[in-house]
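Engineer: What follows is data.csv, made up of CSV, N, CA and C atoms:
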```csv
chain,number,residue,atom,x,y,z
U,1,MET,N,27.5,-59.7,32.6
U,1,MET,CA,27.5,-58.3,32.6
U,1,MET,C,26.3,-57.9,33.5
U,2,SER,N,26.6,-57.1,34.5
U,2,SER,CA,25.6,-56.6,35.4
U,2,SER,C,25.2,-55.2,35.2
U,3,ILE,N,24.0,-54.8,35.4
U,3,ILE,CA,23.6,-53.5,35.2
U,3,ILE,C,23.3,-52.9,36.6
U,4,THR,N,23.8,-51.7,36.8
U,4,THR,CA,23.6,-51.1,38.1
U,4,THR,C,22.2,-50.6,38.2
U,5,PRO,N,21.7,-50.5,39.5
U,5,PRO,CA,20.3,-49.9,39.6
U,5,PRO,C,20.2,-48.6,39.0
U,6,LYS,N,21.2,-47.7,39.1
U,6,LYS,CA,21.1,-46.4,38.4
U,6,LYS,C,21.0,-46.5,36.9
U,7,ALA,N,21.8,-47.4,36.3
U,7,ALA,CA,21.7,-47.6,34.9
U,7,ALA,C,20.3,-48.1,34.5
U,8,LEU,N,19.8,-49.1,35.3
U,8,LEU,CA,18.5,-49.6,35.0
U,8,LEU,C,17.4,-48.5,35.1
U,9,GLN,N,17.5,-47.7,36.1
U,9,GLN,CA,16.5,-46.6,36.3
U,9,GLN,C,16.6,-45.6,35.1
U,10,ASP,N,17.8,-45.4,34.7
U,10,ASP,CA,18.0,-44.5,33.5
U,10,ASP,C,17.4,-45.0,32.3
U,11,LEU,N,17.5,-46.3,32.1
U,11,LEU,CA,16.9,-47.0,30.9
U,11,LEU,C,15.3,-46.9,31.0
U,12,LEU,N,14.8,-47.2,32.2
U,12,LEU,CA,13.4,-47.1,32.4
U,12,LEU,C,12.8,-45.7,32.2
U,13,ASP,N,13.6,-44.7,32.7
U,13,ASP,CA,13.2,-43.3,32.5
U,13,ASP,C,13.2,-42.9,31.0
U,14,GLU,N,14.2,-43.4,30.3
U,14,GLU,CA,14.3,-43.2,28.8
U,14,GLU,C,13.2,-43.8,28.1
U,15,LEU,N,12.8,-45.0,28.5
U,15,LEU,CA,11.7,-45.7,27.9
U,15,LEU,C,10.4,-45.0,28.1
U,16,GLU,N,10.2,-44.5,29.3
U,16,GLU,CA,9.0,-43.8,29.6
U,16,GLU,C,8.9,-42.4,28.9
U,17,ALA,N,10.1,-41.8,28.7
U,17,ALA,CA,10.1,-40.5,28.0
U,17,ALA,C,9.8,-40.8,26.5
U,18,SER,N,10.3,-41.9,26.0
U,18,SER,CA,10.0,-42.3,24.6
U,18,SER,C,8.5,-42.6,24.4
U,19,ARG,N,7.9,-43.3,25.3
U,19,ARG,CA,6.5,-43.6,25.2
U,19,ARG,C,5.7,-42.3,25.3
U,20,ALA,N,6.1,-41.4,26.2
U,20,ALA,CA,5.3,-40.1,26.3
U,20,ALA,C,5.5,-39.3,25.0
U,21,SER,N,6.7,-39.3,24.4
U,21,SER,CA,6.9,-38.6,23.2
U,21,SER,C,6.0,-39.2,22.0
U,22,ARG,N,6.0,-40.5,21.9
U,22,ARG,CA,5.2,-41.1,20.9
U,22,ARG,C,3.7,-40.8,21.1
U,23,LYS,N,3.3,-40.8,22.4
U,23,LYS,CA,1.9,-40.4,22.7
U,23,LYS,C,1.6,-39.0,22.2
U,24,ARG,N,2.4,-38.1,22.5
U,24,ARG,CA,2.2,-36.7,22.1
U,24,ARG,C,2.2,-36.5,20.6
U,25,ALA,N,3.1,-37.3,19.9
U,25,ALA,CA,3.1,-37.2,18.5
U,25,ALA,C,1.8,-37.8,17.9
U,26,TRP,N,1.3,-38.9,18.4
U,26,TRP,CA,0.1,-39.4,18.0
U,26,TRP,C,-1.1,-38.5,18.2
U,27,GLU,N,-1.1,-37.8,19.3
U,27,GLU,CA,-2.2,-36.9,19.6
U,27,GLU,C,-2.1,-35.7,18.6
U,28,LEU,N,-0.9,-35.2,18.3
U,28,LEU,CA,-0.7,-34.1,17.4
U,28,LEU,C,-1.2,-34.5,16.0
U,29,LEU,N,-0.9,-35.7,15.5
U,29,LEU,CA,-1.4,-36.2,14.2
U,29,LEU,C,-2.9,-36.3,14.2
U,30,GLN,N,-3.5,-36.6,15.3
U,30,GLN,CA,-5.0,-36.7,15.4
U,30,GLN,C,-5.5,-35.3,15.3
U,31,GLU,N,-4.9,-34.3,16.0
U,31,GLU,CA,-5.3,-32.9,15.9
U,31,GLU,C,-5.2,-32.4,14.4
U,32,ILE,N,-4.1,-32.8,13.7
U,32,ILE,CA,-4.0,-32.3,12.3
U,32,ILE,C,-5.1,-33.0,11.5
U,33,ARG,N,-5.5,-34.2,11.8
U,33,ARG,CA,-6.6,-34.8,11.1
U,33,ARG,C,-7.9,-34.0,11.3
U,34,TRP,N,-8.1,-33.6,12.5
U,34,TRP,CA,-9.3,-32.8,12.9
U,34,TRP,C,-9.3,-31.5,12.1
U,35,VAL,N,-8.1,-30.8,12.1
U,35,VAL,CA,-8.0,-29.5,11.4
U,35,VAL,C,-8.4,-29.7,9.9
U,36,LEU,N,-7.8,-30.7,9.3
U,36,LEU,CA,-8.1,-31.0,7.9
U,36,LEU,C,-9.6,-31.2,7.7
U,37,LYS,N,-10.2,-32.0,8.5
U,37,LYS,CA,-11.6,-32.2,8.4
U,37,LYS,C,-12.4,-31.0,8.6
U,38,ASP,N,-12.1,-30.2,9.6
U,38,ASP,CA,-12.8,-29.0,10.0
U,38,ASP,C,-12.7,-27.9,9.0
U,39,THR,N,-11.4,-27.6,8.5
U,39,THR,CA,-11.2,-26.5,7.7
U,39,THR,C,-11.3,-26.8,6.2
U,40,ALA,N,-10.9,-28.0,5.8
U,40,ALA,CA,-10.8,-28.3,4.4
U,40,ALA,C,-11.9,-29.4,4.0
U,41,GLY,N,-12.6,-29.9,4.9
U,41,GLY,CA,-13.6,-31.0,4.6
U,41,GLY,C,-12.9,-32.3,4.2
U,42,ILE,N,-11.7,-32.5,4.5
U,42,ILE,CA,-11.0,-33.7,4.1
U,42,ILE,C,-11.0,-34.7,5.2
U,43,GLU,N,-11.6,-35.9,4.8
U,43,GLU,CA,-11.6,-37.0,5.7
U,43,GLU,C,-10.8,-38.1,5.0
U,44,PHE,N,-10.0,-38.8,5.8
U,44,PHE,CA,-9.3,-40.0,5.2
U,44,PHE,C,-9.2,-41.1,6.2
U,45,GLY,N,-9.1,-42.3,5.7
U,45,GLY,CA,-9.1,-43.4,6.6
U,45,GLY,C,-7.8,-43.6,7.4
U,46,PRO,N,-7.9,-44.5,8.3
U,46,PRO,CA,-6.7,-44.7,9.2
U,46,PRO,C,-5.6,-45.4,8.4
U,47,ALA,N,-4.4,-45.3,9.0
U,47,ALA,CA,-3.3,-46.0,8.5
U,47,ALA,C,-3.5,-47.5,8.5
U,48,ALA,N,-2.8,-48.3,7.7
U,48,ALA,CA,-3.0,-49.7,7.7
U,48,ALA,C,-2.7,-50.3,9.1
U,49,ARG,N,-1.8,-49.8,9.7
U,49,ARG,CA,-1.5,-50.2,11.1
U,49,ARG,C,-1.3,-49.0,12.0
U,50,LYS,N,-1.6,-49.1,13.2
U,50,LYS,CA,-1.5,-48.0,14.1
U,50,LYS,C,-0.1,-47.7,14.6
U,51,THR,N,0.7,-47.1,13.7
U,51,THR,CA,2.1,-46.7,14.0
U,51,THR,C,2.2,-45.3,13.7
U,52,ILE,N,3.2,-44.6,14.4
U,52,ILE,CA,3.4,-43.2,14.2
U,52,ILE,C,3.9,-43.0,12.7
U,53,ASP,N,4.8,-43.8,12.2
U,53,ASP,CA,5.3,-43.7,10.9
U,53,ASP,C,4.2,-43.7,9.8
U,54,LEU,N,3.4,-44.7,9.9
U,54,LEU,CA,2.3,-44.9,8.9
U,54,LEU,C,1.3,-43.8,9.0
U,55,GLU,N,0.9,-43.4,10.3
U,55,GLU,CA,-0.1,-42.4,10.5
U,55,GLU,C,0.5,-41.0,10.0
U,56,GLY,N,1.8,-40.8,10.2
U,56,GLY,CA,2.4,-39.6,9.8
U,56,GLY,C,2.4,-39.5,8.2
U,57,ARG,N,2.6,-40.6,7.6
U,57,ARG,CA,2.5,-40.6,6.1
U,57,ARG,C,1.1,-40.3,5.6
U,58,VAL,N,0.1,-40.9,6.2
U,58,VAL,CA,-1.3,-40.7,5.8
U,58,VAL,C,-1.6,-39.2,6.0
U,59,VAL,N,-1.3,-38.7,7.1
U,59,VAL,CA,-1.6,-37.3,7.4
U,59,VAL,C,-0.9,-36.3,6.5
U,60,LYS,N,0.4,-36.6,6.3
U,60,LYS,CA,1.2,-35.8,5.3
U,60,LYS,C,0.6,-35.8,3.9
U,61,ASP,N,0.2,-37.0,3.5
U,61,ASP,CA,-0.4,-37.0,2.1
U,61,ASP,C,-1.7,-36.2,2.1
U,62,ALA,N,-2.5,-36.2,3.1
U,62,ALA,CA,-3.7,-35.5,3.1
U,62,ALA,C,-3.4,-34.0,3.2
U,63,VAL,N,-2.4,-33.6,3.9
U,63,VAL,CA,-2.1,-32.1,4.0
U,63,VAL,C,-1.6,-31.7,2.6
U,64,ARG,N,-0.7,-32.5,2.0
U,64,ARG,CA,-0.2,-32.2,0.6
U,64,ARG,C,-1.4,-32.1,-0.4
U,65,LYS,N,-2.4,-33.0,-0.3
U,65,LYS,CA,-3.5,-32.9,-1.2
U,65,LYS,C,-4.3,-31.6,-1.0
U,66,ALA,N,-4.6,-31.3,0.3
U,66,ALA,CA,-5.3,-30.1,0.6
U,66,ALA,C,-4.6,-28.9,0.1
U,67,LEU,N,-3.3,-28.8,0.3
U,67,LEU,CA,-2.6,-27.6,-0.1
U,67,LEU,C,-2.5,-27.5,-1.6
U,68,LYS,N,-2.3,-28.7,-2.3
U,68,LYS,CA,-2.2,-28.7,-3.7
U,68,LYS,C,-3.5,-28.3,-4.4
U,69,ASP,N,-4.6,-28.8,-3.8
U,69,ASP,CA,-6.0,-28.5,-4.4
U,69,ASP,C,-6.2,-27.0,-4.3
U,70,ARG,N,-5.8,-26.4,-3.2
U,70,ARG,CA,-6.0,-24.9,-3.0
U,70,ARG,C,-5.1,-24.1,-3.9
U,71,GLN,N,-3.9,-24.6,-4.0
U,71,GLN,CA,-2.9,-23.9,-4.9
U,71,GLN,C,-3.4,-23.9,-6.3
U,72,ASN,N,-3.8,-25.1,-6.8
U,72,ASN,CA,-4.3,-25.2,-8.1
U,72,ASN,C,-5.6,-24.3,-8.4
U,73,ALA,N,-6.5,-24.3,-7.4
U,73,ALA,CA,-7.6,-23.4,-7.5
U,73,ALA,C,-7.3,-21.9,-7.6
U,74,LEU,N,-6.3,-21.5,-6.8
U,74,LEU,CA,-5.9,-20.1,-6.8
U,74,LEU,C,-5.2,-19.8,-8.1
U,75,THR,N,-4.3,-20.7,-8.6
U,75,THR,CA,-3.6,-20.6,-9.9
U,75,THR,C,-4.6,-20.4,-11.0
U,76,ASN,N,-5.6,-21.3,-11.0
U,76,ASN,CA,-6.6,-21.3,-12.1
U,76,ASN,C,-7.4,-20.0,-12.0
U,77,LEU,N,-7.7,-19.5,-10.8
U,77,LEU,CA,-8.5,-18.3,-10.7
U,77,LEU,C,-7.7,-17.1,-11.1
U,78,VAL,N,-6.5,-17.0,-10.8
U,78,VAL,CA,-5.6,-15.9,-11.2
U,78,VAL,C,-5.5,-15.9,-12.7
U,79,HIS,N,-5.2,-17.1,-13.3
U,79,HIS,CA,-5.1,-17.2,-14.7
U,79,HIS,C,-6.4,-16.7,-15.4
U,80,ALA,N,-7.5,-17.2,-14.9
U,80,ALA,CA,-8.8,-16.8,-15.5
U,80,ALA,C,-9.1,-15.3,-15.4
U,81,ILE,N,-8.7,-14.8,-14.3
U,81,ILE,CA,-8.9,-13.3,-14.1
U,81,ILE,C,-8.0,-12.5,-15.1
U,82,ARG,N,-6.8,-13.0,-15.3
U,82,ARG,CA,-5.9,-12.3,-16.2
U,82,ARG,C,-6.4,-12.4,-17.7
U,83,GLN,N,-6.9,-13.6,-18.0
U,83,GLN,CA,-7.5,-13.7,-19.4
U,83,GLN,C,-8.7,-12.8,-19.6
U,84,TYR,N,-9.5,-12.8,-18.6
U,84,TYR,CA,-10.7,-11.9,-18.6
U,84,TYR,C,-10.3,-10.5,-18.8
U,85,ARG,N,-9.4,-10.0,-17.9
U,85,ARG,CA,-9.0,-8.6,-18.0
U,85,ARG,C,-8.4,-8.2,-19.3
U,86,LYS,N,-7.7,-9.1,-20.0
U,86,LYS,CA,-7.1,-8.8,-21.3
U,86,LYS,C,-8.2,-8.5,-22.3
U,87,LEU,N,-9.3,-9.2,-22.2
U,87,LEU,CA,-10.4,-9.1,-23.2
U,87,LEU,C,-11.5,-8.1,-22.8
U,88,VAL,N,-11.6,-7.8,-21.5
U,88,VAL,CA,-12.8,-6.9,-21.1
U,88,VAL,C,-12.7,-5.5,-21.6
U,89,ASP,N,-11.5,-5.0,-21.9
U,89,ASP,CA,-11.3,-3.6,-22.3
U,89,ASP,C,-11.6,-3.5,-23.8
U,90,GLU,N,-11.8,-4.5,-24.5
U,90,GLU,CA,-12.1,-4.4,-26.0
U,90,GLU,C,-13.5,-4.0,-26.1
U,91,PRO,N,-13.8,-3.3,-27.2
U,91,PRO,CA,-15.2,-2.9,-27.5
U,91,PRO,C,-16.1,-4.2,-27.6
U,92,LEU,N,-17.3,-4.1,-27.2
U,92,LEU,CA,-18.2,-5.2,-27.2
U,92,LEU,C,-18.3,-5.8,-28.5
U,93,THR,N,-18.3,-5.0,-29.6
U,93,THR,CA,-18.5,-5.6,-30.9
U,93,THR,C,-17.3,-6.4,-31.4
U,94,LEU,N,-16.1,-6.1,-30.8
U,94,LEU,CA,-14.9,-6.9,-31.2
U,94,LEU,C,-14.6,-8.1,-30.4
U,95,ARG,N,-15.4,-8.3,-29.4
U,95,ARG,CA,-15.2,-9.5,-28.5
U,95,ARG,C,-15.8,-10.7,-29.2
U,96,GLY,N,-15.0,-11.7,-29.4
U,96,GLY,CA,-15.4,-12.9,-30.1
U,96,GLY,C,-15.5,-14.0,-29.1
U,97,SER,N,-15.3,-15.2,-29.6
U,97,SER,CA,-15.5,-16.4,-28.8
U,97,SER,C,-14.4,-16.5,-27.7
U,98,GLU,N,-13.3,-15.7,-27.8
U,98,GLU,CA,-12.3,-15.7,-26.8
U,98,GLU,C,-12.9,-15.1,-25.5
U,99,TYR,N,-13.7,-14.1,-25.7
U,99,TYR,CA,-14.3,-13.4,-24.5
U,99,TYR,C,-15.2,-14.4,-23.8
U,100,ALA,N,-16.1,-15.0,-24.6
U,100,ALA,CA,-17.0,-16.0,-24.0
U,100,ALA,C,-16.3,-17.1,-23.3
U,101,HIS,N,-15.2,-17.6,-23.9
U,101,HIS,CA,-14.4,-18.6,-23.3
U,101,HIS,C,-13.8,-18.1,-22.0
U,102,ALA,N,-13.3,-16.9,-22.0
U,102,ALA,CA,-12.6,-16.3,-20.8
U,102,ALA,C,-13.7,-16.2,-19.7
U,103,VAL,N,-14.9,-15.8,-20.0
U,103,VAL,CA,-15.9,-15.7,-19.0
U,103,VAL,C,-16.3,-17.1,-18.4
U,104,GLN,N,-16.3,-18.0,-19.3
U,104,GLN,CA,-16.7,-19.4,-18.9
U,104,GLN,C,-15.6,-20.0,-18.0
U,105,GLN,N,-14.3,-19.7,-18.3
U,105,GLN,CA,-13.2,-20.2,-17.5
U,105,GLN,C,-13.2,-19.5,-16.1
U,106,LEU,N,-13.5,-18.2,-16.2
U,106,LEU,CA,-13.5,-17.4,-14.9
U,106,LEU,C,-14.6,-18.0,-14.0
U,107,ASN,N,-15.8,-18.3,-14.6
U,107,ASN,CA,-16.9,-18.8,-13.8
U,107,ASN,C,-16.5,-20.2,-13.2
U,108,LYS,N,-15.9,-21.0,-14.0
U,108,LYS,CA,-15.4,-22.3,-13.5
U,108,LYS,C,-14.4,-22.2,-12.3
U,109,ALA,N,-13.5,-21.3,-12.5
U,109,ALA,CA,-12.5,-21.1,-11.5
U,109,ALA,C,-13.1,-20.5,-10.2
U,110,ILE,N,-14.1,-19.6,-10.3
U,110,ILE,CA,-14.8,-19.1,-9.2
U,110,ILE,C,-15.5,-20.2,-8.5
U,111,ASP,N,-16.2,-21.1,-9.2
U,111,ASP,CA,-17.0,-22.2,-8.7
U,111,ASP,C,-16.0,-23.1,-7.9
U,112,ARG,N,-14.9,-23.4,-8.5
U,112,ARG,CA,-13.9,-24.3,-7.8
U,112,ARG,C,-13.4,-23.7,-6.5
U,113,ALA,N,-13.1,-22.5,-6.6
U,113,ALA,CA,-12.6,-21.8,-5.4
U,113,ALA,C,-13.7,-21.8,-4.3
U,114,GLU,N,-14.9,-21.5,-4.7
U,114,GLU,CA,-16.1,-21.5,-3.7
U,114,GLU,C,-16.3,-22.9,-3.1
U,115,ASP,N,-16.1,-23.9,-4.0
U,115,ASP,CA,-16.3,-25.3,-3.4
U,115,ASP,C,-15.2,-25.6,-2.4
U,116,LEU,N,-14.0,-25.2,-2.6
U,116,LEU,CA,-12.9,-25.4,-1.6
U,116,LEU,C,-13.2,-24.6,-0.3
U,117,LEU,N,-13.7,-23.4,-0.5
U,117,LEU,CA,-14.0,-22.6,0.7
U,117,LEU,C,-15.2,-23.1,1.5
U,118,GLN,N,-16.1,-23.7,0.9
U,118,GLN,CA,-17.3,-24.3,1.6
U,118,GLN,C,-17.0,-25.6,2.3
U,119,ASN,N,-16.0,-26.3,1.9
U,119,ASN,CA,-15.6,-27.6,2.5
U,119,ASN,C,-14.7,-27.3,3.6
```
Represent the supplied structure as structure tokens.

Structural biologist:
Amino acid sequence: MSITPKALQDLLDELEASRASRKRAWELLQEIRWVLKDTAGIEFGPAARKTIDLEGRVVKDAVRKALKDRQNALTNLVHAIRQYRKLVDEPLTLRGSEYAHAVQQLNKAIDRAEDLLQN
């Protein structure tokens, strides 16, 4: 079976396009790493081997963690604010330990949100 010069050149062009595509994908993953470090303070080690698939999984897991942490912090903050709002309108003399607990939970949620914003 012989390959024509045109078919060979087409294969070489396809190979070069594939290499360029992988290089762009790798560079994009590295940019995402930088964004995670710069905006969320998240640093994570390299993939076990330097492959697009493994690097993509590592970066994806870090993005998932960053988003989940922020989502949890927002959820906790909203919940704490709602609990506090329910109790804040009661007269001071009727506020019991629930109010103190609500204030404590609100402060914790605020601290957690601030920690995420500072990183």

Engineer: Nearest to Ala113 in chain U: which of U:Thr39, U:Ser21, U:Asn72, U:Thr51 is it, counting only N, CA and C atoms?

Structural biologist: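 Of all the options, U:Asn72 lies closest to Ala113 in chain U.
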
Engineer: I'd like the contact shell of Ile42 in chain U - 8 Å cut-off, all atoms listed in the file, skipping same-chain residues fewer than 6 positions apart - returned as a ChimeraX atom specification.

Structural biologist: /U:33-36,62,66,119

Engineer: Please produce a file of the residues just selected, as a CSV table (one decimal), in the frame of the given file, where the atoms kept are N, CA and C atoms.

Structural biologist:
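Contents of part_35.csv, freshly written:
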```csv
chain,number,residue,atom,x,y,z
U,33,ARG,N,-5.5,-34.2,11.8
U,33,ARG,CA,-6.6,-34.8,11.1
U,33,ARG,C,-7.9,-34.0,11.3
U,34,TRP,N,-8.1,-33.6,12.5
U,34,TRP,CA,-9.3,-32.8,12.9
U,34,TRP,C,-9.3,-31.5,12.1
U,35,VAL,N,-8.1,-30.8,12.1
U,35,VAL,CA,-8.0,-29.5,11.4
U,35,VAL,C,-8.4,-29.7,9.9
U,36,LEU,N,-7.8,-30.7,9.3
U,36,LEU,CA,-8.1,-31.0,7.9
U,36,LEU,C,-9.6,-31.2,7.7
U,62,ALA,N,-2.5,-36.2,3.1
U,62,ALA,CA,-3.7,-35.5,3.1
U,62,ALA,C,-3.4,-34.0,3.2
U,66,ALA,N,-4.6,-31.3,0.3
U,66,ALA,CA,-5.3,-30.1,0.6
U,66,ALA,C,-4.6,-28.9,0.1
U,119,ASN,N,-16.0,-26.3,1.9
U,119,ASN,CA,-15.6,-27.6,2.5
U,119,ASN,C,-14.7,-27.3,3.6
```

Engineer: Please return as JSON, numbers by chain: the residues of chain U that backbone DSSP assigns to helix (DSSP H, G or I).

Structural biologist: {"U": [5, 6, 7, 8, 9, 10, 11, 12, 13, 14, 15, 16, 17, 18, 19, 20, 21, 22, 23, 24, 25, 26, 27, 28, 29, 30, 31, 32, 33, 34, 35, 36, 37, 38, 39, 40, 52, 53, 54, 55, 56, 57, 58, 59, 60, 61, 62, 63, 64, 65, 66, 67, 68, 69, 70, 71, 72, 73, 74, 75, 76, 77, 78, 79, 80, 81, 82, 83, 84, 85, 86, 87, 88, 92, 93, 94, 97, 98, 99, 100, 101, 102, 103, 104, 105, 106, 107, 108, 109, 110, 111, 112, 113, 114, 115, 116, 117, 118]}

Engineer: Which residue is closest to Ile110 in chain U? Choose from U:Ala73, U:Val58, U:Leu92, U:Leu15 and count only N, CA and C atoms.

Structural biologist: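 Smallest distance to Ile110 in chain U is found for U:Ala73.
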
Engineer: So, with all atoms listed in the file as the atoms that count, which of U:Arg95, U:Gln71, U:Ala7, U:Ala80 lies closest to Asn107 in chain U?

Structural biologist: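 The answer is U:Ala80, which sits nearest to Asn107 in chain U.
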
Engineer: Could you rebuild range 4-25 of chain U with N, CA, C and O atoms and give it back as a PDB file, keeping the file's coordinate frame?

Structural biologist:
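What ended up in selection_12.pdb:
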```
ATOM      1  N   THR U   4      23.800 -51.700  36.800  1.00  0.00           N
ATOM      2  CA  THR U   4      23.600 -51.100  38.100  1.00  0.00           C
ATOM      3  C   THR U   4      22.200 -50.600  38.200  1.00  0.00           C
ATOM      4  O   THR U   4      21.507 -50.346  37.222  1.00  0.00           O
ATOM      5  N   PRO U   5      21.700 -50.500  39.500  1.00  0.00           N
ATOM      6  CA  PRO U   5      20.300 -49.900  39.600  1.00  0.00           C
ATOM      7  C   PRO U   5      20.200 -48.600  39.000  1.00  0.00           C
ATOM      8  O   PRO U   5      19.096 -48.266  38.447  1.00  0.00           O
ATOM      9  N   LYS U   6      21.200 -47.700  39.100  1.00  0.00           N
ATOM     10  CA  LYS U   6      21.100 -46.400  38.400  1.00  0.00           C
ATOM     11  C   LYS U   6      21.000 -46.500  36.900  1.00  0.00           C
ATOM     12  O   LYS U   6      20.141 -45.807  36.311  1.00  0.00           O
ATOM     13  N   ALA U   7      21.800 -47.400  36.300  1.00  0.00           N
ATOM     14  CA  ALA U   7      21.700 -47.600  34.900  1.00  0.00           C
ATOM     15  C   ALA U   7      20.300 -48.100  34.500  1.00  0.00           C
ATOM     16  O   ALA U   7      19.750 -47.711  33.435  1.00  0.00           O
ATOM     17  N   LEU U   8      19.800 -49.100  35.300  1.00  0.00           N
ATOM     18  CA  LEU U   8      18.500 -49.600  35.000  1.00  0.00           C
ATOM     19  C   LEU U   8      17.400 -48.500  35.100  1.00  0.00           C
ATOM     20  O   LEU U   8      16.512 -48.451  34.223  1.00  0.00           O
ATOM     21  N   GLN U   9      17.500 -47.700  36.100  1.00  0.00           N
ATOM     22  CA  GLN U   9      16.500 -46.600  36.300  1.00  0.00           C
ATOM     23  C   GLN U   9      16.600 -45.600  35.100  1.00  0.00           C
ATOM     24  O   GLN U   9      15.614 -45.161  34.620  1.00  0.00           O
ATOM     25  N   ASP U  10      17.800 -45.400  34.700  1.00  0.00           N
ATOM     26  CA  ASP U  10      18.000 -44.500  33.500  1.00  0.00           C
ATOM     27  C   ASP U  10      17.400 -45.000  32.300  1.00  0.00           C
ATOM     28  O   ASP U  10      16.719 -44.295  31.504  1.00  0.00           O
ATOM     29  N   LEU U  11      17.500 -46.300  32.100  1.00  0.00           N
ATOM     30  CA  LEU U  11      16.900 -47.000  30.900  1.00  0.00           C
ATOM     31  C   LEU U  11      15.300 -46.900  31.000  1.00  0.00           C
ATOM     32  O   LEU U  11      14.649 -46.649  30.024  1.00  0.00           O
ATOM     33  N   LEU U  12      14.800 -47.200  32.200  1.00  0.00           N
ATOM     34  CA  LEU U  12      13.400 -47.100  32.400  1.00  0.00           C
ATOM     35  C   LEU U  12      12.800 -45.700  32.200  1.00  0.00           C
ATOM     36  O   LEU U  12      11.790 -45.465  31.597  1.00  0.00           O
ATOM     37  N   ASP U  13      13.600 -44.700  32.700  1.00  0.00           N
ATOM     38  CA  ASP U  13      13.200 -43.300  32.500  1.00  0.00           C
ATOM     39  C   ASP U  13      13.200 -42.900  31.000  1.00  0.00           C
ATOM     40  O   ASP U  13      12.343 -42.232  30.479  1.00  0.00           O
ATOM     41  N   GLU U  14      14.200 -43.400  30.300  1.00  0.00           N
ATOM     42  CA  GLU U  14      14.300 -43.200  28.800  1.00  0.00           C
ATOM     43  C   GLU U  14      13.200 -43.800  28.100  1.00  0.00           C
ATOM     44  O   GLU U  14      12.588 -43.233  27.169  1.00  0.00           O
ATOM     45  N   LEU U  15      12.800 -45.000  28.500  1.00  0.00           N
ATOM     46  CA  LEU U  15      11.700 -45.700  27.900  1.00  0.00           C
ATOM     47  C   LEU U  15      10.400 -45.000  28.100  1.00  0.00           C
ATOM     48  O   LEU U  15       9.601 -44.813  27.196  1.00  0.00           O
ATOM     49  N   GLU U  16      10.200 -44.500  29.300  1.00  0.00           N
ATOM     50  CA  GLU U  16       9.000 -43.800  29.600  1.00  0.00           C
ATOM     51  C   GLU U  16       8.900 -42.400  28.900  1.00  0.00           C
ATOM     52  O   GLU U  16       7.889 -42.051  28.350  1.00  0.00           O
ATOM     53  N   ALA U  17      10.100 -41.800  28.700  1.00  0.00           N
ATOM     54  CA  ALA U  17      10.100 -40.500  28.000  1.00  0.00           C
ATOM     55  C   ALA U  17       9.800 -40.800  26.500  1.00  0.00           C
ATOM     56  O   ALA U  17       9.106 -40.017  25.836  1.00  0.00           O
ATOM     57  N   SER U  18      10.300 -41.900  26.000  1.00  0.00           N
ATOM     58  CA  SER U  18      10.000 -42.300  24.600  1.00  0.00           C
ATOM     59  C   SER U  18       8.500 -42.600  24.400  1.00  0.00           C
ATOM     60  O   SER U  18       7.942 -42.140  23.397  1.00  0.00           O
ATOM     61  N   ARG U  19       7.900 -43.300  25.300  1.00  0.00           N
ATOM     62  CA  ARG U  19       6.500 -43.600  25.200  1.00  0.00           C
ATOM     63  C   ARG U  19       5.700 -42.300  25.300  1.00  0.00           C
ATOM     64  O   ARG U  19       4.729 -42.086  24.513  1.00  0.00           O
ATOM     65  N   ALA U  20       6.100 -41.400  26.200  1.00  0.00           N
ATOM     66  CA  ALA U  20       5.300 -40.100  26.300  1.00  0.00           C
ATOM     67  C   ALA U  20       5.500 -39.300  25.000  1.00  0.00           C
ATOM     68  O   ALA U  20       4.532 -38.660  24.533  1.00  0.00           O
ATOM     69  N   SER U  21       6.700 -39.300  24.400  1.00  0.00           N
ATOM     70  CA  SER U  21       6.900 -38.600  23.200  1.00  0.00           C
ATOM     71  C   SER U  21       6.000 -39.200  22.000  1.00  0.00           C
ATOM     72  O   SER U  21       5.455 -38.395  21.254  1.00  0.00           O
ATOM     73  N   ARG U  22       6.000 -40.500  21.900  1.00  0.00           N
ATOM     74  CA  ARG U  22       5.200 -41.100  20.900  1.00  0.00           C
ATOM     75  C   ARG U  22       3.700 -40.800  21.100  1.00  0.00           C
ATOM     76  O   ARG U  22       2.943 -40.520  20.151  1.00  0.00           O
ATOM     77  N   LYS U  23       3.300 -40.800  22.400  1.00  0.00           N
ATOM     78  CA  LYS U  23       1.900 -40.400  22.700  1.00  0.00           C
ATOM     79  C   LYS U  23       1.600 -39.000  22.200  1.00  0.00           C
ATOM     80  O   LYS U  23       0.510 -38.734  21.628  1.00  0.00           O
ATOM     81  N   ARG U  24       2.400 -38.100  22.500  1.00  0.00           N
ATOM     82  CA  ARG U  24       2.200 -36.700  22.100  1.00  0.00           C
ATOM     83  C   ARG U  24       2.200 -36.500  20.600  1.00  0.00           C
ATOM     84  O   ARG U  24       1.407 -35.813  20.032  1.00  0.00           O
ATOM     85  N   ALA U  25       3.100 -37.300  19.900  1.00  0.00           N
ATOM     86  CA  ALA U  25       3.100 -37.200  18.500  1.00  0.00           C
ATOM     87  C   ALA U  25       1.800 -37.800  17.900  1.00  0.00           C
ATOM     88  O   ALA U  25       1.284 -37.210  16.942  1.00  0.00           O
TER      89      ALA U  25
END
```
